[in-house]
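S.K.: The structure follows.
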Amino acid sequence: MADSAADTIQLLTDIPRVHARGRGDHLAVEFEGRGLTYAELERRSNQAAGLLQALGVKPGERVGWLGKSCEAWYEIMFGAAKARACLAPINSRLAVPEIAFILKDSGANVFFVTPDFFAAAEAVTAQIDRPIRVLAVNGEHPGFESYATRRDAAPAPALDAPQPDDDVLQLYTSGTTGLPKGVRLNNANYAAFLALRHQVEGFDYGPDDTVLIVMPLFHVAGTNISYAGLSAGGRLILMADFNPVEVLRLIEQEKVAHVFLAPVMINVLLQTPQAKTTDFSSLKTVSYGASPISEAVLKQATETFGCGFIQFYGMTETCGAGTTLAPSEHKGELMRSCGRPWATLETRIADENGRELPPGGIGEIEIRGPIVMAGYWNRPEATAETIRPDGWLRTGDAGFMNEDGYFFVHDRVKDMIVSGGENVYPAEVENAILGCPGVADAAVIGVPDERWGEAVKAIVVPAPGAEPDPEQIIAYARQRIAGFKAPKSIDFIEALPRNPSGKVLRRELRKPYWEGRDRNVG
């Protein structure tokens with residue numbers, strides 16, 4: 001049944017429908033003691049579609065989500081896709097002004113919120129000058145409507161056939177100006193993803209596999225691993241927060257077969273005492289990506305977990321797809337590689353004019369194929385800067401390809417910092433620091449960090465006669481931006497190195513911190 005079902009799953013909305021028919025009584029999602037079968041997922045996602053239509057959500061409109069992972073996320077995501085609307089989950093780690101900007105930018109008039117973020121939702125909606133219908137998920141709030149109550153009373157939906165160009169997921173990524181951009185991922189993108197994943201070694205999950213979802217569902221790694229497990233008809237076990245002891249317990253007791261872990265999570269698990277006694281025999285694969293990983297951590301992890309490891313290199317803008325380093329390729333110098341392209345995807349190294357470079361040449365990594373996003377929401381200029389007219393998406397990463405077609409990340413074309421799987425842009429952090437008493441100038445860089453891959457460091461020029469306190473500068477920044485973006489350390493300098501046009505030479509600032517390493521990012 002699983003094989004024939006897989007053949008008929010072409011769109012995300014096919015997943016609950018097909019498996020409700022063939023595996024209806026099998027668990028699709030488990031969360032904190034609650035189980036959701038495939039039949040229930042199909043029924044509840046239809047109810048969610050009816051609810052959205054009753055609330056006036058039209059095809060093409062965005063639906064907001066702010067909260068921790070829970071089973072209702074899947075009901076609402078599939079329901080929105082069935083109603084030909086688009087779920088736009090917001091990074092719950094952001095500060096209130098950042099959340100407000102995204103909700104306003106998305107145009108969403110319906111906003112689902114879990115209890116931990118009720119206060120944030122009140123503050124956010126107060127900053128937006130249009131009516132927002134807020135629905136409480138897995139909790140009650142006197143000023144919000146109950147999602148469960150409204151869902152169960154919703155009329156039957158009037159469903160049209162989904163179209164390939166329907167946007168189904170809008171994930172926000174930070175921009176170099178500090179303004180987040182909504183990445184539009186449509187049915188065609190995910191149809192390609194669902195078809196291609198079967199051709200990636202270790203990623204073809206089976207119907208009897210249990211998949212642990214640790215990554216948040218506002219992150220493409222969380223959504224993609226979910227879709228891989230659900231399209232196979234497997235069982236997802238969902239975690240609201242990363243807890244290393246609980247992860248180890250679940251792997252052993254629930255016989256987890258597959259999990260995606262950011263490198264910082266792998267490192268934390270290795271340092272957790274229970275890892276020495278955990279039974280990892282059920283694990284088939286550990287997938288990783290999203291930020292740098294040291295070879296020492298990777299080597300220790302493969303020895304400790306004793307399963308296949310899969311590295312994924314890609315972007316939100318490519319549905320997370322691009323290149324992969326398969327379990328059988330984790331050896332020798334390939335441990336430093338991000339692998340080879342997915343089947344049917346094109347990946348190349350190009351110079352600044354878009355000319356392909358030969359093996360060994362260092363340039364920008366570019367990706368082309370059906371998984372490339374439809375564009376940035378309401379950002380035509382940014383879309384044009386990222387996707388060339390001939391369809392090549394510029395990743396912003398510099399690297400090279402060897403003679404055997406393996407790609408290696410060498411450095412970052414842009415100045416983006418990846419810390420613990422989260423993207424941090426220096427300009428945004430600098431804007432949060434400048435204005436702090438005693439600070440005349442500042443530049444932000446990423447420096448090596450064994451736990452986070454990269455850590456945010458600010459290089460500060462003190463104001464004349466001032467002796468600013470590093471902790472006060474960090475606290476000042478944390479009041480203005482999310483905590484994970486704030487600098488973890490401060491160094492002082494007399495003047496920042498700049499080119500003739502006045503641009504800060506961050507490469508010069510980074511150089512002493514990365515001395516002796518064979519690559520500047522993972």
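To be explicit about the labels: the chains of the structure tokens are called A, B, and onward in the order shown, and within each one the residues are counted from 1, while ligands get numbers from 1 in the order they are shown.
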Within 10 Å of Asn243 of chain A, counting only C-alpha atoms, which residues qualify if same-chain residues fewer than 3 places away don't, as a list in words?

M.R.: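 Everything that qualifies: Val214, Met239, Ala240, Glu246, Val247, Leu248, Arg249, Met265, Val268 and Leu269 of chain A.
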
S.K.: Restricting the output to N, CA and C atoms, write the selected residues as a PDB file, in the first residue's frame.

M.R.:
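The result, written out as part_25.pdb:
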```pdb
ATOM      1  N   VAL A 214      12.581  17.774  15.745  1.00  0.00           N
ATOM      2  CA  VAL A 214      13.184  18.622  16.769  1.00  0.00           C
ATOM      3  C   VAL A 214      13.282  20.067  16.293  1.00  0.00           C
ATOM      4  N   MET A 239       8.500  17.632  19.034  1.00  0.00           N
ATOM      5  CA  MET A 239       8.966  18.272  20.261  1.00  0.00           C
ATOM      6  C   MET A 239       8.740  19.774  20.155  1.00  0.00           C
ATOM      7  N   ALA A 240       8.232  20.362  21.237  1.00  0.00           N
ATOM      8  CA  ALA A 240       8.010  21.809  21.240  1.00  0.00           C
ATOM      9  C   ALA A 240       9.316  22.562  21.436  1.00  0.00           C
ATOM     10  N   GLU A 246      15.529  14.601  26.809  1.00  0.00           N
ATOM     11  CA  GLU A 246      14.286  14.089  26.245  1.00  0.00           C
ATOM     12  C   GLU A 246      14.510  13.533  24.839  1.00  0.00           C
ATOM     13  N   VAL A 247      15.369  14.176  24.050  1.00  0.00           N
ATOM     14  CA  VAL A 247      15.685  13.657  22.721  1.00  0.00           C
ATOM     15  C   VAL A 247      16.263  12.251  22.829  1.00  0.00           C
ATOM     16  N   LEU A 248      17.207  12.077  23.728  1.00  0.00           N
ATOM     17  CA  LEU A 248      17.831  10.767  23.898  1.00  0.00           C
ATOM     18  C   LEU A 248      16.824   9.726  24.388  1.00  0.00           C
ATOM     19  N   ARG A 249      15.944  10.136  25.297  1.00  0.00           N
ATOM     20  CA  ARG A 249      14.917   9.210  25.789  1.00  0.00           C
ATOM     21  C   ARG A 249      13.988   8.777  24.661  1.00  0.00           C
ATOM     22  N   MET A 265      22.885  21.157  18.080  1.00  0.00           N
ATOM     23  CA  MET A 265      22.134  20.131  18.804  1.00  0.00           C
ATOM     24  C   MET A 265      22.947  18.841  18.909  1.00  0.00           C
ATOM     25  N   VAL A 268      25.533  19.310  21.612  1.00  0.00           N
ATOM     26  CA  VAL A 268      24.944  19.266  22.956  1.00  0.00           C
ATOM     27  C   VAL A 268      24.622  17.823  23.350  1.00  0.00           C
ATOM     28  N   LEU A 269      24.061  17.049  22.410  1.00  0.00           N
ATOM     29  CA  LEU A 269      23.735  15.656  22.705  1.00  0.00           C
ATOM     30  C   LEU A 269      24.990  14.864  23.074  1.00  0.00           C
TER      31      LEU A 269
END
```

S.K.: Per residue of segment 68-151 of chain A within 9 Å of segment 12-30 of chain A, what are the shortest atom pair and its distance in Å to one decimal, counting only C-alpha atoms, with rows by chain and residue number, as CSV?

M.R.:
```
residue,atom,partner,partner_atom,distance
A:Cys70,CA,A:Glu30,CA,8.8
A:Glu71,CA,A:Val29,CA,6.4
A:Tyr74,CA,A:Val29,CA,8.7
A:Phe78,CA,A:Thr13,CA,6.0
A:Gly79,CA,A:Thr13,CA,8.3
A:Ala81,CA,A:Thr13,CA,6.5
A:Lys82,CA,A:Thr13,CA,6.3
```

S.K.: Taking only C-alpha atoms into account, which of A:Lys284, A:His258, A:Arg348, A:Lys181 comes nearest Pro380 of chain A?

M.R.: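 Smallest distance to Pro380 of chain A is found for A:Lys181.
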
S.K.: May I ask for the distance between atom CA of Trp452 of chain A and atom CA of Ala290 of chain A, given in Å to one decimal place?

M.R.: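 So the answer is 10.9 Å.
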
S.K.: Find the residue from A:Ile367, A:Val168, A:Ala108, A:Ile493 that sits nearest to Leu55 of chain A; use only C-alpha atoms when measuring.

M.R.: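 Of all the options, A:Ala108 lies closest to Leu55 of chain A.
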
S.K.: Give the strand (DSSP E) residues of segment 445-502 of chain A, as assigned by DSSP on the backbone, as number ranges by chain.

M.R.: A: 445-449, 453-462, 489-492

S.K.: Of the residues A:Gly229, A:Gly182, A:Gly453, A:Gly354, which is the one nearest to Gly206 of chain A, using only C-alpha atoms?

M.R.: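 Smallest distance to Gly206 of chain A is found for A:Gly229.
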
S.K.: Would you mind telling me which residue in A:Leu41, A:Leu496, A:Ile76, A:Val456 lies nearest to Ala477 of chain A when using only C-alpha atoms?

M.R.: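 Among A:Leu41, A:Leu496, A:Ile76, A:Val456, it is A:Val456 that comes nearest to Ala477 of chain A.
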
S.K.: Kindly assemble as CSV a list of the segment 389-483 of chain A residues that lie within 9 Å of segment 97-104 of chain A, each paired with its nearest atom pair and their distance in Å to one decimal, using only C-alpha atoms, sorted first by chain and then by ascending residue number.

M.R.:
```
residue,atom,partner,partner_atom,distance
A:Arg480,CA,A:Pro97,CA,8.4
A:Ile481,CA,A:Glu98,CA,7.8
A:Ala482,CA,A:Glu98,CA,8.4
```

S.K.: Show me a table, sorted first by chain and then by increasing residue number, of the residues of segment 277-361 of chain A having an atom at most 12 Å from segment 382-388 of chain A, each with its shortest atom pair and the distance in Å to one decimal, counting only C-alpha atoms and written as JSON lines.

M.R.:
```
{"residue": "A:Met315", "atom": "CA", "partner": "A:Thr386", "partner_atom": "CA", "distance": 11.8}
{"residue": "A:Glu317", "atom": "CA", "partner": "A:Thr386", "partner_atom": "CA", "distance": 9.3}
{"residue": "A:Thr318", "atom": "CA", "partner": "A:Ile387", "partner_atom": "CA", "distance": 10.9}
{"residue": "A:Ala350", "atom": "CA", "partner": "A:Arg388", "partner_atom": "CA", "distance": 11.6}
{"residue": "A:Glu352", "atom": "CA", "partner": "A:Arg388", "partner_atom": "CA", "distance": 11.3}
{"residue": "A:Asn353", "atom": "CA", "partner": "A:Arg388", "partner_atom": "CA", "distance": 10.1}
{"residue": "A:Gly354", "atom": "CA", "partner": "A:Arg388", "partner_atom": "CA", "distance": 8.2}
{"residue": "A:Arg355", "atom": "CA", "partner": "A:Arg388", "partner_atom": "CA", "distance": 11.6}
```

S.K.: Show which residues sit within 12 Å of Gly60 of chain A, as a VMD selection string. Count only C-alpha atoms, and ignore same-chain residues fewer than 4 positions away.

M.R.: chain A and resid 56 80 to 88 106 to 108 162 to 163 165 to 170 184 186 377

S.K.: Counting only C-alpha atoms, which residues of segment 136-236 of chain A sit at most 10 Å from some atom of segment 307-314 of chain A, and what is each one's closest atom pair with its distance in Å to one decimal, listed by chain and rising residue number, as a tab-separated table?

M.R.:
```
residue	atom	partner	partner_atom	distance
A:Val200	CA	A:Ile310	CA	9.3
A:Glu201	CA	A:Ile310	CA	8.2
A:Gly202	CA	A:Ile310	CA	7.3
A:Phe203	CA	A:Ile310	CA	8.3
A:Val220	CA	A:Gly314	CA	9.8
A:Ala221	CA	A:Phe312	CA	9.3
```

S.K.: Filtering to C-alpha atoms, could you give me those residues as a compact mmCIF listing (two decimals), in the first residue's frame?

M.R.:
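And here is the file that came out, selection10.txt:
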```txt
# COMPACT_ATOMS: atom_id res chain seq x y z
CA VAL A 200 18.50 10.95 -2.04
CA GLU A 201 20.33 8.14 -0.25
CA GLY A 202 18.88 7.69 3.24
CA PHE A 203 16.05 10.20 2.71
CA VAL A 220 12.61 24.68 6.42
CA ALA A 221 14.41 21.77 8.08
```

S.K.: Residues of segment 51-199 of chain A classed as helix (DSSP H, G or I) by DSSP on the backbone are to be reported as an NGL selection string.

M.R.: :A and (51-54 or 71-82 or 96-106 or 115-125 or 147-152 or 187-199)

S.K.: So which residues touch Glu422 of chain A within 10 Å, counting only C-alpha atoms, skipping near sequence neighbours fewer than 5 positions away, as a PyMOL selection string?

M.R.: chain A and resi 91+93+173-174+219+262+290-291+417+452+484-485

S.K.: Compile the contact shell of Arg133 of chain A as a list of chain:residue names: residues with an atom at most 9 Å away, counting only C-alpha atoms, same-chain residues fewer than 6 positions apart removed.

M.R.: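 Surrounding residues, per the criterion: A:Leu55, A:Asn109, A:Val110, A:Phe111, A:Phe112, A:Phe144, A:Glu145.
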
S.K.: Suppose we keep all heavy atoms; can you now write the selection as an mmCIF file, in the first residue's frame?

M.R.:
```cif
data_model
loop_
_atom_site.group_PDB
_atom_site.id
_atom_site.type_symbol
_atom_site.label_atom_id
_atom_site.label_comp_id
_atom_site.auth_asym_id
_atom_site.auth_seq_id
_atom_site.Cartn_x
_atom_site.Cartn_y
_atom_site.Cartn_z
ATOM 1 N N LEU A 55 -13.883 32.384 7.776
ATOM 2 C CA LEU A 55 -13.288 33.623 8.292
ATOM 3 C C LEU A 55 -12.941 34.600 7.175
ATOM 4 O O LEU A 55 -12.393 35.674 7.440
ATOM 5 C CB LEU A 55 -12.026 33.291 9.105
ATOM 6 C CG LEU A 55 -12.246 32.521 10.414
ATOM 7 C CD1 LEU A 55 -10.915 32.146 11.052
ATOM 8 C CD2 LEU A 55 -13.078 33.345 11.386
ATOM 9 N N ASN A 109 -4.753 38.273 7.896
ATOM 10 C CA ASN A 109 -5.807 38.800 8.763
ATOM 11 C C ASN A 109 -6.287 37.776 9.775
ATOM 12 O O ASN A 109 -7.092 38.088 10.648
ATOM 13 C CB ASN A 109 -6.993 39.280 7.921
ATOM 14 C CG ASN A 109 -6.609 40.436 7.012
ATOM 15 O OD1 ASN A 109 -5.891 41.339 7.424
ATOM 16 N ND2 ASN A 109 -7.068 40.395 5.773
ATOM 17 N N VAL A 110 -5.816 36.522 9.634
ATOM 18 C CA VAL A 110 -6.118 35.454 10.583
ATOM 19 C C VAL A 110 -4.791 34.983 11.161
ATOM 20 O O VAL A 110 -3.841 34.687 10.424
ATOM 21 C CB VAL A 110 -6.867 34.290 9.901
ATOM 22 C CG1 VAL A 110 -7.081 33.147 10.876
ATOM 23 C CG2 VAL A 110 -8.199 34.774 9.342
ATOM 24 N N PHE A 111 -4.736 34.917 12.499
ATOM 25 C CA PHE A 111 -3.474 34.720 13.200
ATOM 26 C C PHE A 111 -3.667 33.653 14.281
ATOM 27 O O PHE A 111 -4.416 33.845 15.223
ATOM 28 C CB PHE A 111 -3.062 36.058 13.819
ATOM 29 C CG PHE A 111 -1.675 36.141 14.372
ATOM 30 C CD1 PHE A 111 -0.641 35.358 13.880
ATOM 31 C CD2 PHE A 111 -1.386 37.047 15.397
ATOM 32 C CE1 PHE A 111 0.646 35.473 14.382
ATOM 33 C CE2 PHE A 111 -0.107 37.164 15.913
ATOM 34 C CZ PHE A 111 0.908 36.379 15.402
ATOM 35 N N PHE A 112 -2.988 32.503 14.126
ATOM 36 C CA PHE A 112 -3.063 31.415 15.099
ATOM 37 C C PHE A 112 -1.892 31.539 16.081
ATOM 38 O O PHE A 112 -0.747 31.718 15.655
ATOM 39 C CB PHE A 112 -3.016 30.061 14.399
ATOM 40 C CG PHE A 112 -4.206 29.791 13.518
ATOM 41 C CD1 PHE A 112 -4.182 30.117 12.167
ATOM 42 C CD2 PHE A 112 -5.364 29.231 14.038
ATOM 43 C CE1 PHE A 112 -5.282 29.876 11.349
ATOM 44 C CE2 PHE A 112 -6.469 28.991 13.234
ATOM 45 C CZ PHE A 112 -6.426 29.311 11.887
ATOM 46 N N PHE A 144 -9.249 36.108 22.648
ATOM 47 C CA PHE A 144 -9.039 35.398 21.391
ATOM 48 C C PHE A 144 -10.113 34.329 21.219
ATOM 49 O O PHE A 144 -10.657 33.805 22.187
ATOM 50 C CB PHE A 144 -7.665 34.712 21.366
ATOM 51 C CG PHE A 144 -6.494 35.626 21.560
ATOM 52 C CD1 PHE A 144 -5.274 35.121 22.000
ATOM 53 C CD2 PHE A 144 -6.592 36.988 21.303
ATOM 54 C CE1 PHE A 144 -4.176 35.948 22.181
ATOM 55 C CE2 PHE A 144 -5.494 37.842 21.473
ATOM 56 C CZ PHE A 144 -4.291 37.313 21.928
ATOM 57 N N GLU A 145 -10.381 33.999 19.972
ATOM 58 C CA GLU A 145 -11.298 32.907 19.681
ATOM 59 C C GLU A 145 -10.572 31.570 19.864
ATOM 60 O O GLU A 145 -9.352 31.489 19.721
ATOM 61 C CB GLU A 145 -11.825 33.018 18.247
ATOM 62 C CG GLU A 145 -12.579 34.309 17.968
ATOM 63 C CD GLU A 145 -12.993 34.416 16.512
ATOM 64 O OE1 GLU A 145 -13.922 33.702 16.118
ATOM 65 O OE2 GLU A 145 -12.382 35.221 15.781
#
```

S.K.: Measuring between only C-alpha atoms, which one of A:Glu366, A:Glu454, A:Glu32, A:Asp469 shows the shortest distance to Ala321 of chain A?

M.R.: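 Nearest candidate to Ala321 of chain A out of A:Glu366, A:Glu454, A:Glu32, A:Asp469: A:Glu366.
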
S.K.: Of the residues A:Arg62, A:Arg150, A:Lys299, A:Arg34, which is the one nearest to Ala48 of chain A, using only C-alpha atoms?

M.R.: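 Smallest separation from Ala48 of chain A among the options: A:Arg150.
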
S.K.: How far is it from atom CA of Lys511 of chain A to atom CA of Pro464 of chain A, in Å with one decimal?

M.R.: 26.6 Å
